[in-house]
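A.B. asks: What follows is query.csv, made up of CSV, C-alpha atoms:
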chain,number,residue,atom,x,y,z
P,1,MET,CA,-177.7,6.4,-72.5
P,2,LYS,CA,-175.4,5.5,-69.6
P,3,GLY,CA,-177.1,3.4,-67.0
P,4,ILE,CA,-176.2,5.7,-64.2
P,5,ILE,CA,-178.9,8.2,-65.1
P,6,TYR,CA,-181.6,5.6,-64.3
P,7,ILE,CA,-180.0,4.8,-61.0
P,8,ILE,CA,-180.0,8.5,-60.2
P,9,LEU,CA,-183.6,8.9,-61.2
P,10,GLY,CA,-184.4,5.8,-59.1
P,11,ILE,CA,-182.6,7.3,-56.1
P,12,ILE,CA,-184.6,10.5,-56.5
P,13,PHE,CA,-187.8,8.4,-56.7
P,14,GLY,CA,-186.9,6.4,-53.6
P,15,ILE,CA,-186.1,9.5,-51.5
P,16,SER,CA,-189.3,11.3,-52.7
P,17,LEU,CA,-191.7,8.6,-51.9
P,18,SER,CA,-190.0,8.0,-48.6
P,19,LYS,CA,-190.3,11.6,-47.6
P,20,ALA,CA,-193.8,11.8,-48.8
P,21,GLU,CA,-194.6,8.8,-46.6
P,22,VAL,CA,-196.2,7.0,-49.5
P,23,ILE,CA,-194.4,3.9,-48.4
P,24,SER,CA,-196.2,3.7,-45.2
P,25,TRP,CA,-198.8,1.0,-44.8
P,26,TYR,CA,-200.7,3.3,-42.4
P,27,ARG,CA,-200.9,6.0,-45.1
P,28,ILE,CA,-202.4,3.6,-47.6
P,29,TYR,CA,-205.0,2.4,-45.0
P,30,GLU,CA,-205.8,6.1,-44.2
P,31,MET,CA,-206.1,6.8,-47.9
P,32,PHE,CA,-208.7,4.1,-48.4
P,33,ARG,CA,-210.6,5.4,-45.5
P,34,PHE,CA,-210.5,9.0,-46.9
P,35,ASP,CA,-209.5,10.1,-43.4
P,36,SER,CA,-206.9,12.5,-44.6
P,37,PHE,CA,-206.0,14.6,-47.7
P,38,HIS,CA,-202.3,13.5,-47.4
P,39,MET,CA,-202.1,10.8,-50.0
P,40,TYR,CA,-204.5,12.6,-52.4
P,41,GLY,CA,-202.3,15.6,-52.1
P,42,VAL,CA,-199.2,13.6,-53.0
P,43,ILE,CA,-200.8,11.7,-55.9
P,44,GLY,CA,-202.8,14.8,-56.9
P,45,SER,CA,-199.8,17.1,-57.2
P,46,ALA,CA,-197.9,14.4,-59.1
P,47,VAL,CA,-200.7,14.0,-61.6
P,48,THR,CA,-201.2,17.8,-61.9
P,49,LEU,CA,-197.6,18.3,-62.6
P,50,GLY,CA,-197.8,15.3,-64.9
P,51,ILE,CA,-200.7,16.7,-66.9
P,52,ILE,CA,-199.0,20.0,-67.3
P,53,GLY,CA,-195.7,18.5,-68.3
P,54,THR,CA,-197.4,16.0,-70.7
P,55,TYR,CA,-199.4,18.7,-72.3
P,56,LEU,CA,-196.4,20.9,-72.8
P,57,MET,CA,-194.4,17.9,-74.2
P,58,LYS,CA,-197.2,17.2,-76.7
P,59,LYS,CA,-197.9,20.9,-77.6
P,60,LEU,CA,-194.3,21.9,-78.0
P,61,LYS,CA,-193.4,18.5,-79.7
P,62,LEU,CA,-190.5,18.2,-77.4
P,63,LYS,CA,-187.7,15.8,-78.1
P,64,ASP,CA,-186.0,13.6,-75.6
P,65,ILE,CA,-182.3,13.4,-74.7
P,66,ASN,CA,-181.7,11.1,-77.7
P,67,GLY,CA,-183.2,13.5,-80.1
P,68,GLU,CA,-186.4,11.4,-80.5
P,69,PRO,CA,-189.8,13.0,-80.3
P,70,ILE,CA,-191.4,12.2,-77.0
P,71,GLN,CA,-194.4,10.0,-77.9
P,72,PHE,CA,-197.5,9.0,-76.0
P,73,VAL,CA,-199.3,5.9,-77.1
P,74,ASP,CA,-203.0,5.6,-76.4
P,75,LYS,CA,-204.0,2.5,-74.5
P,76,ASP,CA,-206.6,0.3,-76.3
P,77,PHE,CA,-210.0,0.8,-74.8
P,78,SER,CA,-211.3,-2.1,-72.8
P,79,ILE,CA,-213.1,-2.3,-69.5
P,80,VAL,CA,-212.8,-5.8,-68.0
P,81,ARG,CA,-209.0,-6.1,-67.8
P,82,TYR,CA,-208.5,-2.6,-66.3
P,83,LEU,CA,-211.4,-2.9,-63.9
P,84,VAL,CA,-210.9,-6.5,-62.8
P,85,GLY,CA,-207.1,-6.2,-62.8
P,86,GLY,CA,-207.4,-2.9,-60.9
P,87,ILE,CA,-209.7,-4.5,-58.3
P,88,PHE,CA,-207.2,-7.3,-57.6
P,89,PHE,CA,-204.4,-4.8,-57.4
P,90,GLY,CA,-206.4,-2.6,-55.0
P,91,LEU,CA,-207.2,-5.5,-52.7
P,92,GLY,CA,-203.5,-6.3,-52.4
P,93,TRP,CA,-202.5,-2.7,-52.2
P,94,ALA,CA,-204.7,-2.1,-49.2
P,95,LEU,CA,-203.8,-5.4,-47.5
P,96,VAL,CA,-200.0,-5.0,-47.6
P,97,GLY,CA,-200.0,-1.2,-47.9
P,98,ALA,CA,-197.5,-1.3,-50.7
P,99,CYS,CA,-197.6,-1.1,-54.5
P,100,PRO,CA,-194.5,-2.1,-56.6
P,101,GLY,CA,-192.6,1.1,-56.1
P,102,PRO,CA,-192.7,1.2,-52.4
P,103,MET,CA,-192.1,-2.6,-52.2
P,104,PHE,CA,-188.6,-2.1,-53.5
P,105,ILE,CA,-188.0,1.2,-51.7
P,106,LEU,CA,-188.8,-0.4,-48.4
P,107,ILE,CA,-185.9,-2.8,-48.9
P,108,GLY,CA,-183.7,0.2,-48.7
P,109,HIS,CA,-185.3,1.0,-45.3
P,110,GLY,CA,-184.4,-2.3,-44.0
P,111,TYR,CA,-187.9,-3.7,-43.7
P,112,TRP,CA,-186.8,-7.2,-44.6
P,113,SER,CA,-190.2,-8.9,-44.5
P,114,ILE,CA,-191.1,-6.9,-47.6
P,115,PHE,CA,-189.2,-9.5,-49.5
P,116,ILE,CA,-192.1,-11.9,-48.7
P,117,VAL,CA,-194.5,-9.4,-50.4
P,118,ILE,CA,-192.2,-9.2,-53.4
P,119,ALA,CA,-192.0,-12.9,-53.6
P,120,GLY,CA,-195.9,-12.9,-53.6
P,121,ALA,CA,-195.9,-10.3,-56.3
P,122,LEU,CA,-193.6,-12.3,-58.4
P,123,LEU,CA,-195.8,-15.4,-57.9
P,124,GLY,CA,-198.8,-13.2,-58.8
P,125,THR,CA,-197.0,-12.1,-62.0
P,126,LEU,CA,-196.2,-15.7,-62.8
P,127,LEU,CA,-199.8,-16.7,-62.2
P,128,TYR,CA,-200.9,-14.0,-64.6
P,129,GLY,CA,-198.6,-15.2,-67.3
P,130,ILE,CA,-199.9,-18.7,-67.0
P,131,LEU,CA,-203.6,-17.7,-66.9
P,132,ARG,CA,-203.3,-15.0,-69.5
P,133,PRO,CA,-204.7,-17.0,-72.5
P,134,ARG,CA,-207.8,-17.7,-70.5
P,135,LEU,CA,-208.4,-14.2,-69.2
P,136,LYS,CA,-210.6,-11.7,-70.8
P,137,HIS,CA,-208.8,-8.7,-72.2
Q,1,MET,CA,-191.4,14.8,-61.6
Q,2,THR,CA,-189.9,11.4,-62.0
Q,3,MET,CA,-192.3,10.5,-64.8
Q,4,LEU,CA,-191.3,13.7,-66.7
Q,5,MET,CA,-187.6,13.1,-66.2
Q,6,LEU,CA,-188.0,9.5,-67.5
Q,7,LEU,CA,-189.8,10.7,-70.5
Q,8,TRP,CA,-187.0,13.2,-71.2
Q,9,VAL,CA,-184.5,10.3,-71.2
Q,10,GLY,CA,-186.8,8.4,-73.5
Q,11,LYS,CA,-188.5,6.0,-71.1
Q,12,ARG,CA,-192.0,5.4,-69.8
Q,13,PHE,CA,-192.6,5.4,-66.0
Q,14,GLY,CA,-194.0,2.1,-64.8
Q,15,VAL,CA,-192.6,0.1,-61.9
Q,16,SER,CA,-194.7,-3.1,-62.1
Q,17,SER,CA,-193.2,-4.2,-65.4
Q,18,ASN,CA,-190.1,-5.0,-63.4
Q,19,LEU,CA,-191.9,-7.9,-61.8
Q,20,ARG,CA,-192.4,-9.4,-65.3
Q,21,THR,CA,-188.8,-8.7,-66.1
Q,22,ILE,CA,-187.5,-10.5,-63.0
Q,23,CYS,CA,-189.7,-13.5,-63.8
Q,24,ALA,CA,-188.3,-13.6,-67.3
Q,25,ILE,CA,-184.7,-13.4,-66.0
Q,26,GLY,CA,-185.6,-16.3,-63.7
Q,27,GLY,CA,-186.6,-18.4,-66.6
Q,28,ALA,CA,-190.4,-18.0,-66.6
Q,29,GLY,CA,-190.3,-18.1,-70.3
Q,30,ALA,CA,-190.6,-21.8,-69.9
Q,31,LEU,CA,-194.0,-21.4,-68.3
Q,32,SER,CA,-195.6,-18.8,-70.6
Q,33,ASP,CA,-194.9,-16.8,-73.7
Q,34,PHE,CA,-195.7,-13.7,-71.7
Q,35,PHE,CA,-192.2,-14.0,-70.3
Q,36,LYS,CA,-190.5,-14.6,-73.5
Q,37,PHE,CA,-189.1,-11.2,-74.5
Q,38,ASP,CA,-185.7,-9.6,-74.6
Q,39,TRP,CA,-185.5,-8.6,-70.9
Q,40,ARG,CA,-182.3,-6.7,-71.7
Q,41,SER,CA,-184.4,-4.0,-73.2
Q,42,GLN,CA,-185.7,-3.4,-69.6
Q,43,THR,CA,-182.4,-3.2,-67.9
Q,44,TRP,CA,-182.9,0.6,-67.5
Q,45,ASN,CA,-186.0,-0.1,-65.4
Q,46,LEU,CA,-184.1,-2.6,-63.2
Q,47,LEU,CA,-181.5,0.1,-62.7
Q,48,PHE,CA,-184.2,2.5,-61.8
Q,49,VAL,CA,-185.5,0.1,-59.1
Q,50,ALA,CA,-182.0,-0.5,-57.8
Q,51,GLY,CA,-181.7,3.3,-57.5
Q,52,SER,CA,-185.0,3.4,-55.6
Q,53,ILE,CA,-183.7,0.9,-53.1
Q,54,ILE,CA,-180.6,3.1,-52.6
Q,55,GLY,CA,-183.0,6.1,-52.3
Q,56,GLY,CA,-184.9,4.4,-49.6
Q,57,TYR,CA,-181.7,3.7,-47.8
Q,58,VAL,CA,-180.6,7.3,-48.1
Q,59,ALA,CA,-184.0,8.5,-46.8
Q,60,SER,CA,-183.9,6.1,-43.9
Q,61,ALA,CA,-180.4,7.1,-42.9
Q,62,HIS,CA,-181.3,10.8,-42.9
Q,63,LEU,CA,-184.8,10.7,-41.4
Q,64,SER,CA,-183.2,9.3,-38.2
Q,65,SER,CA,-185.4,9.8,-35.1
Q,66,SER,CA,-188.2,11.7,-36.8
Q,67,ASN,CA,-189.6,8.5,-38.2
Q,68,SER,CA,-193.0,9.2,-36.7
Q,69,ILE,CA,-195.8,9.7,-39.1
Q,70,ILE,CA,-198.8,11.5,-37.9
Q,71,ILE,CA,-201.9,9.8,-39.4
Q,72,ALA,CA,-205.4,10.9,-39.0
Q,73,ALA,CA,-207.1,10.4,-35.6
Q,74,ASP,CA,-210.0,8.6,-37.2
Q,75,THR,CA,-207.6,6.2,-38.9
Q,76,THR,CA,-205.8,5.6,-35.6
Q,77,ARG,CA,-209.1,4.8,-33.9
Q,78,ALA,CA,-210.2,2.5,-36.6
Q,79,LEU,CA,-206.9,0.6,-36.5
Q,80,GLU,CA,-207.0,0.3,-32.7
Q,81,GLY,CA,-210.4,-1.2,-33.1
Q,82,LEU,CA,-208.8,-3.9,-35.3
Q,83,GLY,CA,-206.1,-4.5,-32.7
Q,84,PHE,CA,-203.2,-2.5,-34.0
Q,85,GLU,CA,-200.9,-0.5,-31.8
Q,86,ASN,CA,-198.1,2.0,-32.0
Q,87,MET,CA,-199.2,3.5,-35.3
Q,88,ASN,CA,-196.7,6.3,-35.2
Q,89,GLU,CA,-193.6,4.4,-34.7
Q,90,ALA,CA,-192.8,3.0,-38.1
Q,91,TYR,CA,-193.9,2.8,-41.6
Q,92,LEU,CA,-195.2,-0.7,-41.3
Q,93,PRO,CA,-197.3,-2.5,-38.7
Q,94,ASP,CA,-195.4,-5.0,-36.6
Q,95,GLU,CA,-198.6,-7.0,-36.4
Q,96,ILE,CA,-198.3,-8.0,-40.0
Q,97,PHE,CA,-194.7,-7.5,-40.9
Q,98,GLY,CA,-193.3,-8.8,-37.7
Q,99,LEU,CA,-190.4,-6.5,-37.7
Q,100,LYS,CA,-190.1,-6.4,-33.9
Q,101,SER,CA,-192.0,-9.3,-32.7
Q,102,GLY,CA,-191.1,-11.7,-35.4
Q,103,LEU,CA,-193.3,-13.1,-38.2
Q,104,SER,CA,-196.3,-15.1,-37.4
Q,105,GLY,CA,-197.7,-17.7,-39.8
Q,106,LYS,CA,-200.7,-15.5,-40.3
Q,107,GLY,CA,-198.4,-12.6,-41.1
Q,108,VAL,CA,-196.4,-14.5,-43.7
Q,109,PHE,CA,-199.7,-15.6,-45.3
Q,110,ILE,CA,-201.0,-12.1,-45.4
Q,111,LEU,CA,-197.8,-10.8,-46.9
Q,112,LEU,CA,-197.8,-13.5,-49.6
Q,113,ILE,CA,-201.4,-13.2,-50.6
Q,114,GLY,CA,-201.2,-9.4,-50.6
Q,115,GLY,CA,-198.2,-9.5,-52.8
Q,116,LEU,CA,-199.8,-12.0,-55.0
Q,117,LEU,CA,-202.9,-9.8,-55.5
Q,118,VAL,CA,-200.7,-6.8,-56.3
Q,119,GLY,CA,-198.6,-8.7,-58.8
Q,120,PHE,CA,-201.4,-10.4,-60.5
Q,121,GLY,CA,-203.6,-7.3,-60.6
Q,122,ALA,CA,-200.8,-5.1,-61.8
Q,123,ARG,CA,-200.1,-7.3,-64.8
Q,124,TYR,CA,-203.8,-7.9,-65.7
Q,125,ALA,CA,-204.5,-4.2,-65.5
Q,126,GLY,CA,-201.2,-3.5,-67.3
Q,127,GLY,CA,-199.8,-1.2,-64.8
Q,128,CYS,CA,-199.8,-0.1,-61.2
Q,129,THR,CA,-199.9,3.3,-59.4
Q,130,SER,CA,-196.9,4.6,-61.4
Q,131,GLY,CA,-198.2,3.4,-64.7
Q,132,HIS,CA,-201.8,4.2,-64.4
Q,133,ALA,CA,-202.5,6.6,-61.6
Q,134,ILE,CA,-199.6,8.8,-62.4
Q,135,SER,CA,-198.6,8.3,-66.0
Q,136,GLY,CA,-201.9,7.2,-67.4
Q,137,LEU,CA,-203.9,10.0,-65.7
Q,138,SER,CA,-201.4,12.5,-66.7
Q,139,GLN,CA,-202.0,11.6,-70.3
Q,140,LEU,CA,-205.8,11.7,-69.6
Q,141,GLN,CA,-206.1,8.0,-70.7
Q,142,VAL,CA,-209.5,6.6,-70.0
Q,143,PRO,CA,-208.2,3.0,-69.5
Q,144,SER,CA,-206.0,4.3,-66.7
Q,145,LEU,CA,-209.0,6.0,-65.1
Q,146,ILE,CA,-210.9,2.7,-65.2
Q,147,ALA,CA,-207.8,1.0,-63.6
Q,148,VAL,CA,-207.7,3.6,-60.8
Q,149,VAL,CA,-211.4,3.2,-60.2
Q,150,GLY,CA,-210.7,-0.6,-59.9
Q,151,PHE,CA,-207.8,0.1,-57.5
Q,152,PHE,CA,-210.2,2.0,-55.3
Q,153,ILE,CA,-213.0,-0.6,-55.4
Q,154,GLY,CA,-210.5,-3.2,-54.4
Q,155,GLY,CA,-209.0,-1.1,-51.7
Q,156,LEU,CA,-212.4,-0.3,-50.2
Q,157,ILE,CA,-213.5,-3.9,-50.3
Q,158,MET,CA,-210.4,-4.9,-48.5
Q,159,VAL,CA,-210.5,-2.1,-45.9
Q,160,TYR,CA,-214.2,-2.2,-45.1
Q,161,GLY,CA,-215.1,-5.8,-46.0
Q,162,ILE,CA,-212.2,-8.1,-45.5
Q,163,MET,CA,-209.8,-6.5,-42.9
Q,164,PRO,CA,-212.5,-6.3,-40.2
Q,165,ILE,CA,-212.8,-10.1,-40.6
Q,166,ILE,CA,-209.2,-11.1,-40.6
Q,167,PHE,CA,-207.9,-8.7,-37.9
Would you mind giving the structure from this file in structure tokens?
C.D. replies:
Amino acid sequence: MKGIIYIILGIIFGISLSKAEVISWYRIYEMFRFDSFHMYGVIGSAVTLGIIGTYLMKKLKLKDINGEPIQFVDKDFSIVRYLVGGIFFGLGWALVGACPGPMFILIGHGYWSIFIVIAGALLGTLLYGILRPRLKH
Amino acid sequence: MTMLMLLWVGKRFGVSSNLRTICAIGGAGALSDFFKFDWRSQTWNLLFVAGSIIGGYVASAHLSSSNSIIIAADTTRALEGLGFENMNEAYLPDEIFGLKSGLSGKGVFILLIGGLLVGFGARYAGGCTSGHAISGLSQLQVPSLIAVVGFFIGGLIMVYGIMPIIF
């Protein structure tokens, strides 16, 4: 698979999220206040399309571009790591108004201070790696 | 749409794993086994992220003057109460990101801590918005639903509990 296809998909992703205003700190704040349907509409339509697409892929046993059957792996059930990890994530998401996707897309918009957020995210990732043996999964 | 296209080319949509890959490239394998893996298998995802940066640039170059986002009146009022201004002018608040007025020590601190929470949380939960809220929910995975519930609990605590104190 030539690398260019991933770059192109990334470009589409970057343009889509930008146009949908998902990369706006204000939109995230608004979302957590439930003051507008906007973000729920964006994520909701993505999930709706995703559910339909995923269902069709499973039902029709579709194959990917390499001829391999498209597979979905069920995640192991657990509560603590998803809930606690999710809470930490949510705290940060609301504070800086960006999750990983938008963090990088914002670089393209020239918001240079997002690099500080990315630096923090890398530190957080490192911290996780170090603490991992001690964390409940 | 992006998730479906990635599945079609044989990959799973999930942006936060790139943070782990970048750490691995930087040599974090010395700190933890978590970063000891063949990062080259994740090159596609790094290319995806590079593309998303380009996409952001393309969008910014074409959005030109209509950069104003209209957010809800209640949100605007709430933000004004916290001391924010000019909500419709940019994607990010100058008060934190210091894009116009320069970064303050407090701003840098907030950006770092916020980033840290996102990075740590995403890895602990094994995914972020793309991995859980979009991909996971599309597959009707219960763990992803739990993660999304967690995202919201965290977000609500921050917005209603913490932000009023720090701003």
A.B. asks: From the list P:Ser16, P:Leu126, P:Gly53, P:Val84, which residue is nearest Q:Ala30 when using all atoms listed in the file?
C.D. replies: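 For Q:Ala30, the nearest of the candidates is P:Leu126.
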A.B. asks: May I ask for the distance between atom CA of Q:Val118 and atom CA of Q:Phe37, given in Å to one decimal place?
C.D. replies: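 Atom CA of Q:Val118 sits 22.0 Å away from atom CA of Q:Phe37.
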A.B. asks: Tell me, as a ChimeraX atom specification, which residues lie within 8 Å of P:Gly110, counting all atoms listed in the file; anything in the same chain fewer than 3 positions away does not count.
C.D. replies: /P:106-107 /Q:57
A.B. asks: Need the neighbours of (-197.8, 8.1, -50.6): which residues are at most 9 Å away, counting only C-alpha atoms, as a PyMOL selection string?
C.D. replies: chain P and resi 17-24+27-28+31+38-43+102
A.B. asks: Counting only C-alpha atoms, figure out which residue out of P:Ile130, P:Ala98, P:Ile51, P:Leu56 gets nearest to Q:Leu31.
C.D. replies: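 Going through P:Ile130, P:Ala98, P:Ile51, P:Leu56 one by one, the smallest distance to Q:Leu31 is for P:Ile130.
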A.B. asks: Measuring atom to atom with only C-alpha atoms, identify which of Q:Gly10, Q:Gly26, Q:Gly107, Q:Gly81 is nearest to chain P.
C.D. replies: Q:Gly10
A.B. asks: Restricting the calculation to all atoms listed in the file: of Q:Ala133, Q:Ile162, Q:Ala78, Q:Ala125, which residue gets closest to chain P?
C.D. replies: Q:Ala125
A.B. asks: I'd like the contact shell of Q:Gly150 - 7 Å cut-off, all atoms listed in the file, skipping same-chain residues fewer than 4 positions apart - returned as a list in words.
C.D. replies: Leu83, Val84, Gly86, Ile87 and Gly90 of chain P; Ile146 and Gly154 of chain Q
A.B. asks: Please compute the atom CA of Q:Ala147-atom CA of Q:Ile71 distance, one decimal, in Å.
C.D. replies: 26.4 Å
A.B. asks: Ranking Q:Ile25, Q:Ile70, Q:Leu116, Q:Met3 by minimum distance to chain P and counting only C-alpha atoms, which one comes first?
C.D. replies: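 Going through Q:Ile25, Q:Ile70, Q:Leu116, Q:Met3 one by one, the smallest distance to chain P is for Q:Leu116.
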A.B. asks: Counting all atoms listed in the file, select every polymer residue within 7 Å of (-208.3, 3.2, -50.5) as defined in the file's coordinates, and provide the selection as an MDAnalysis selection string.
C.D. replies: (chainID P and resid 28:29 31:33 94) or (chainID Q and resid 152 155:156)
A.B. asks: Got time to write the residues from that selection, C-alpha atoms, as a CSV table (one decimal), in the frame of the given file?
C.D. replies:
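Saved the output as again_5.csv:
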chain,number,residue,atom,x,y,z
P,28,ILE,CA,-202.4,3.6,-47.6
P,29,TYR,CA,-205.0,2.4,-45.0
P,31,MET,CA,-206.1,6.8,-47.9
P,32,PHE,CA,-208.7,4.1,-48.4
P,33,ARG,CA,-210.6,5.4,-45.5
P,94,ALA,CA,-204.7,-2.1,-49.2
Q,152,PHE,CA,-210.2,2.0,-55.3
Q,155,GLY,CA,-209.0,-1.1,-51.7
Q,156,LEU,CA,-212.4,-0.3,-50.2
A.B. asks: In Å to one decimal, how far is atom CA of Q:Lys100 from atom CA of Q:Asn88?
C.D. replies: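 A separation of 14.4 Å between them.
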A.B. asks: Write out as a list in words the residues lying within 9 Å of P:His109, counting all atoms listed in the file and excluding same-chain residues fewer than 4 positions away.
C.D. replies: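 Listed by chain and then number, they are Ile105 of chain P; Ile53, Ile54, Gly55, Gly56, Tyr57, Val58, Ala59, Ser60 and Ala61 of chain Q.
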A.B. asks: Create the file for the chosen residues now, containing C-alpha atoms and written as an mmCIF file, in the frame of the given file.
C.D. replies:
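As written to disk, result36.cif reads:
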data_model
loop_
_atom_site.group_PDB
_atom_site.id
_atom_site.type_symbol
_atom_site.label_atom_id
_atom_site.label_comp_id
_atom_site.auth_asym_id
_atom_site.auth_seq_id
_atom_site.Cartn_x
_atom_site.Cartn_y
_atom_site.Cartn_z
ATOM 1 C CA ILE P 105 -188.000 1.200 -51.700
ATOM 2 C CA ILE Q 53 -183.700 0.900 -53.100
ATOM 3 C CA ILE Q 54 -180.600 3.100 -52.600
ATOM 4 C CA GLY Q 55 -183.000 6.100 -52.300
ATOM 5 C CA GLY Q 56 -184.900 4.400 -49.600
ATOM 6 C CA TYR Q 57 -181.700 3.700 -47.800
ATOM 7 C CA VAL Q 58 -180.600 7.300 -48.100
ATOM 8 C CA ALA Q 59 -184.000 8.500 -46.800
ATOM 9 C CA SER Q 60 -183.900 6.100 -43.900
ATOM 10 C CA ALA Q 61 -180.400 7.100 -42.900
#
A.B. asks: Kindly indicate which residue among Q:Cys128, Q:Val159, Q:Arg123, Q:Leu112 lies nearest to P:Ser113, using all atoms listed in the file for the distances.
C.D. replies: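 Result for the nearest residue to P:Ser113: Q:Leu112.
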A.B. asks: May I have the residues within 10 Å of P:His137 as a short mmCIF file (atom, residue, chain, number, x, y, z; two decimals) with C-alpha atoms, keeping the file's coordinate frame, using only C-alpha atoms and disregarding those fewer than 3 positions away in the same chain?
C.D. replies:
data_model
loop_
_atom_site.label_atom_id
_atom_site.label_comp_id
_atom_site.auth_asym_id
_atom_site.auth_seq_id
_atom_site.Cartn_x
_atom_site.Cartn_y
_atom_site.Cartn_z
CA PHE P 77 -210.00 0.80 -74.80
CA SER P 78 -211.30 -2.10 -72.80
CA ILE P 79 -213.10 -2.30 -69.50
CA VAL P 80 -212.80 -5.80 -68.00
CA ARG P 81 -209.00 -6.10 -67.80
CA TYR P 82 -208.50 -2.60 -66.30
CA VAL P 84 -210.90 -6.50 -62.80
CA GLY P 85 -207.10 -6.20 -62.80
CA ARG P 132 -203.30 -15.00 -69.50
CA PRO P 133 -204.70 -17.00 -72.50
CA ARG P 134 -207.80 -17.70 -70.50
CA TYR Q 124 -203.80 -7.90 -65.70
CA ALA Q 125 -204.50 -4.20 -65.50
#
A.B. asks: Find the spatial neighbours of Q:Leu7, counting all atoms listed in the file, within a cut-off of 8 Å - ignore same-chain residues fewer than 4 positions away - and output them as a list in words.
C.D. replies: Asp64 and Ile70 of chain P; Met3, Lys11, Arg12 and Phe13 of chain Q
A.B. asks: Would you mind writing stretch 42-54 of chain Q with N, CA and C atoms, as a short mmCIF file (atom, residue, chain, number, x, y, z; two decimals), keeping the file's coordinate frame?
C.D. replies:
data_model
loop_
_atom_site.label_atom_id
_atom_site.label_comp_id
_atom_site.auth_asym_id
_atom_site.auth_seq_id
_atom_site.Cartn_x
_atom_site.Cartn_y
_atom_site.Cartn_z
N GLN Q 42 -185.17 -4.00 -70.86
CA GLN Q 42 -185.70 -3.40 -69.60
C GLN Q 42 -184.68 -3.20 -68.56
N THR Q 43 -183.42 -3.33 -68.92
CA THR Q 43 -182.40 -3.20 -67.90
C THR Q 43 -182.45 -1.79 -67.27
N TRP Q 44 -182.82 -0.79 -68.05
CA TRP Q 44 -182.90 0.60 -67.50
C TRP Q 44 -183.87 0.62 -66.32
N ASN Q 45 -184.96 -0.11 -66.45
CA ASN Q 45 -186.00 -0.10 -65.40
C ASN Q 45 -185.48 -0.84 -64.15
N LEU Q 46 -184.69 -1.87 -64.35
CA LEU Q 46 -184.10 -2.60 -63.20
C LEU Q 46 -183.14 -1.67 -62.49
N LEU Q 47 -182.39 -0.89 -63.27
CA LEU Q 47 -181.50 0.10 -62.70
C LEU Q 47 -182.23 1.11 -61.88
N PHE Q 48 -183.38 1.50 -62.43
CA PHE Q 48 -184.20 2.50 -61.80
C PHE Q 48 -184.66 1.94 -60.40
N VAL Q 49 -185.09 0.69 -60.39
CA VAL Q 49 -185.50 0.10 -59.10
C VAL Q 49 -184.36 -0.07 -58.16
N ALA Q 50 -183.19 -0.42 -58.68
CA ALA Q 50 -182.00 -0.50 -57.80
C ALA Q 50 -181.77 0.86 -57.17
N GLY Q 51 -181.90 1.91 -58.00
CA GLY Q 51 -181.70 3.30 -57.50
C GLY Q 51 -182.76 3.59 -56.41
N SER Q 52 -183.98 3.10 -56.61
CA SER Q 52 -185.00 3.40 -55.60
C SER Q 52 -184.72 2.75 -54.29
N ILE Q 53 -184.08 1.60 -54.34
CA ILE Q 53 -183.70 0.90 -53.10
C ILE Q 53 -182.63 1.79 -52.38
N ILE Q 54 -181.68 2.28 -53.17
CA ILE Q 54 -180.60 3.10 -52.60
C ILE Q 54 -181.30 4.41 -52.02
#
